[in-house]
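Step one of this worksheet: look at the structure below.
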Amino acid sequence: MSRESDVIVAPEQFAANVKWDAQGLAPAIVQDHNTKEVLTLAYMNEESLRRSVQSGETWFWSRSRQEFWHKGATSGNVQRIVSLSYDCDGDALLVGVEPAGPACHTGRVSCFFNKAALENGSADQGGSVGAGAESERVLGQEPENAAGRFDVLGELEGIIAERDRERPEGAYTTYLFEKGIDKILKKVGEETAESIIAAKNGDNAELRLEVSDLIYHLLVLLQERKLPLDEIMDELARRHERPRRD
């Protein structure tokens, strides 16, 4: 539901209200519609905005290559547009999206992963959990910087997708994709069994290693089947929202 202060602008008037710069561009801030995390900053002109609106996916103008680019055209990490707005001055765009994968070319979820060490000593909530925090984590309690706990899954998903696309020689992930679904399923089964054995033996150090291997091979399986991790997370969210029966 829109807030009372929101102003709904007709599509034909939207682009006309944007204050394009001397090059005909406006910065476009791309934000995950669900998590509200800022994913990247790119640039749009009137034509890329039109393409974005018509296709329902993000299109930008590359200032370095001087050409249009459709996010996810080669990587598959498209961004489905959920909301589109301009700021009070009309000189910046905000694009709310549901991403199909990492936004950054490095394979990270967001392009904004270089964090400043603030003088007051406070830590950015998007940082990774350090060893100290890990050792103090208690089941059922989230660490203070929980917002970035699972960023590595998105990064790993992006790296695996890149391996699938480029197939670099000598990479283990390339080997799995070239061997095909049967080999990948065999590895998932092996790592599952090894995780069970480690848990049964009460060896948490070994369990940590085996579960890490299992998660990696599950992500390879999802890439092989072209099933985005986001769909798994959405399914978990839907189950969490269902009424409990116990």
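Starting from 1 in every chain, residues are counted up; chains themselves are A, B, ... following the order of the structure tokens, and ligands are numbered from 1 as listed.
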**OP:** Enumerate, as an MDAnalysis selection string, the complete set of residues in region 39-104 of chain A that a backbone-based DSSP assignment places in strand (DSSP E or B).
**Re:** chainID A and resid 39:44 57 59:62 67:70 79:86 93:99
Please produce an output containing N, CA and C atoms for each residue in the selection, written as a CSV table (one decimal), in the first residue's frame.
```
chain,number,residue,atom,x,y,z
A,39,LEU,N,22.0,-2.3,-4.0
A,39,LEU,CA,22.7,-3.3,-4.8
A,39,LEU,C,23.8,-2.7,-5.7
A,40,THR,N,23.4,-1.6,-6.3
A,40,THR,CA,24.4,-0.9,-7.2
A,40,THR,C,23.9,0.5,-7.6
A,41,LEU,N,24.8,1.2,-8.2
A,41,LEU,CA,24.5,2.5,-8.8
A,41,LEU,C,24.9,2.5,-10.2
A,42,ALA,N,23.9,2.7,-11.1
A,42,ALA,CA,24.1,2.8,-12.6
A,42,ALA,C,23.5,4.0,-13.1
A,43,TYR,N,23.5,4.1,-14.4
A,43,TYR,CA,22.9,5.3,-15.1
A,43,TYR,C,21.9,5.0,-16.1
A,44,MET,N,20.8,5.7,-16.2
A,44,MET,CA,19.8,5.6,-17.2
A,44,MET,C,19.7,6.8,-18.0
A,57,GLU,N,12.4,-5.3,-16.6
A,57,GLU,CA,13.8,-5.6,-16.1
A,57,GLU,C,14.7,-4.4,-16.3
A,59,TRP,N,17.4,-1.9,-17.5
A,59,TRP,CA,18.3,-1.5,-18.6
A,59,TRP,C,19.0,-0.3,-18.2
A,60,PHE,N,20.3,-0.2,-18.6
A,60,PHE,CA,21.1,1.0,-18.2
A,60,PHE,C,21.9,1.5,-19.4
A,61,TRP,N,22.5,2.7,-19.2
A,61,TRP,CA,23.4,3.2,-20.3
A,61,TRP,C,24.8,3.1,-19.7
A,62,SER,N,25.7,2.5,-20.4
A,62,SER,CA,27.1,2.4,-20.0
A,62,SER,C,27.9,3.6,-20.4
A,67,GLU,N,27.0,2.4,-24.6
A,67,GLU,CA,26.0,1.5,-25.2
A,67,GLU,C,25.0,1.1,-24.1
A,68,PHE,N,23.9,0.6,-24.5
A,68,PHE,CA,22.9,0.1,-23.6
A,68,PHE,C,23.3,-1.3,-23.0
A,69,TRP,N,23.0,-1.6,-21.8
A,69,TRP,CA,23.2,-2.9,-21.3
A,69,TRP,C,22.0,-3.3,-20.4
A,70,HIS,N,21.6,-4.6,-20.7
A,70,HIS,CA,20.5,-5.2,-20.0
A,70,HIS,C,21.1,-6.0,-18.9
A,79,GLN,N,17.2,-8.4,-13.1
A,79,GLN,CA,16.6,-7.7,-12.0
A,79,GLN,C,15.2,-7.4,-12.4
A,80,ARG,N,14.2,-8.0,-11.8
A,80,ARG,CA,12.8,-7.8,-12.1
A,80,ARG,C,12.3,-6.5,-11.4
A,81,ILE,N,11.8,-5.5,-12.1
A,81,ILE,CA,11.5,-4.3,-11.5
A,81,ILE,C,10.1,-4.4,-10.7
A,82,VAL,N,10.1,-4.0,-9.5
A,82,VAL,CA,8.9,-4.0,-8.6
A,82,VAL,C,8.4,-2.6,-8.4
A,83,SER,N,9.4,-1.6,-8.3
A,83,SER,CA,9.0,-0.2,-8.1
A,83,SER,C,10.0,0.7,-8.8
A,84,LEU,N,9.5,1.9,-9.1
A,84,LEU,CA,10.3,2.9,-9.8
A,84,LEU,C,9.9,4.3,-9.4
A,85,SER,N,10.9,5.1,-8.9
A,85,SER,CA,10.5,6.4,-8.5
A,85,SER,C,11.7,7.4,-8.7
A,86,TYR,N,11.4,8.7,-8.7
A,86,TYR,CA,12.5,9.6,-8.7
A,86,TYR,C,12.4,10.5,-7.5
A,93,LEU,N,17.1,8.4,-9.7
A,93,LEU,CA,16.0,7.4,-9.8
A,93,LEU,C,16.3,6.3,-8.7
A,94,LEU,N,15.3,5.7,-8.2
A,94,LEU,CA,15.3,4.6,-7.3
A,94,LEU,C,14.6,3.5,-7.9
A,95,VAL,N,15.3,2.3,-8.1
A,95,VAL,CA,14.6,1.2,-8.8
A,95,VAL,C,14.6,0.0,-7.8
A,96,GLY,N,13.4,-0.4,-7.3
A,96,GLY,CA,13.2,-1.5,-6.5
A,96,GLY,C,13.1,-2.8,-7.3
A,97,VAL,N,14.0,-3.8,-7.0
A,97,VAL,CA,14.0,-5.0,-7.9
A,97,VAL,C,13.9,-6.2,-7.0
A,98,GLU,N,13.6,-7.3,-7.7
A,98,GLU,CA,13.8,-8.7,-7.2
A,98,GLU,C,14.9,-9.3,-8.0
A,99,PRO,N,16.1,-9.4,-7.5
A,99,PRO,CA,17.2,-9.9,-8.3
A,99,PRO,C,17.2,-11.4,-8.5
```
Subject >> Long-range neighbours of Gly154 (chain A) as a ChimeraX atom specification, 8 Å cut-off, only C-alpha atoms, 5 positions minimum in chain >> reply: /A:101-102,107-109,229
Restricting it to C-alpha atoms, dump the selection as a compact mmCIF listing (two decimals), in the first residue's frame.
```txt
# COMPACT_ATOMS: atom_id res chain seq x y z
CA GLY A 101 21.33 -13.37 -8.60
CA PRO A 102 24.22 -11.17 -7.48
CA GLY A 107 29.79 -12.21 -7.68
CA ARG A 108 28.82 -10.31 -4.55
CA VAL A 109 25.21 -9.55 -3.75
CA LEU A 229 18.75 -19.61 -4.65
```
Original post:
Do you know which residues are at most 8 Å from region 212-216 of chain A counting only C-alpha atoms, after dropping those on the same chain fewer than 2 positions away, and could you put them as a list in words?
Top reply: Leu156, Val188, Glu191, Thr192, Ser195, Arg208, Leu209, Glu210, Leu218, Leu219 and Val220 of chain A
Subject >> Shell around Ala161 (chain A) at 12 Å using only C-alpha atoms, local window under 6 positions removed, as a ChimeraX atom specification >> reply: /A:72,74-77,100-102,105-108,154-155,167-168,173-174,177,219-229
Original post:
Which value, in Å to one decimal, gives the distance between CA of Arg163 (chain A) and CA of Ile29 (chain A)?
Top reply: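 So the two atoms, CA of Arg163 (chain A) and CA of Ile29 (chain A), lie 28.1 Å apart.
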Subject >> Among the residues A:Asp234, A:His217, A:Glu194, A:Lys179, the one that comes closest to Ile160 (chain A) [using only C-alpha atoms] >> reply: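 For Ile160 (chain A), the nearest of the given residues is A:His217.
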Original post:
In Å to one decimal, how far is CA of Asp164 (chain A) from CA of Val152 (chain A)?
Top reply: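 Between these atoms lies a distance of 18.2 Å.
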Original post:
A:Thr58, A:Asp87, A:Ala26, A:Arg165: which is nearest Asp6 (chain A), counting only C-alpha atoms?
Top reply: A:Asp87
Original post:
Looking only at the backbone, which of the residues in chain A does DSSP tag as helix (DSSP H, G or I), as an NGL selection string?
Top reply: :A and (11-17 or 46-55 or 131-136 or 146-148 or 151-166 or 172-179 or 181-200 or 204-224 or 229-241)
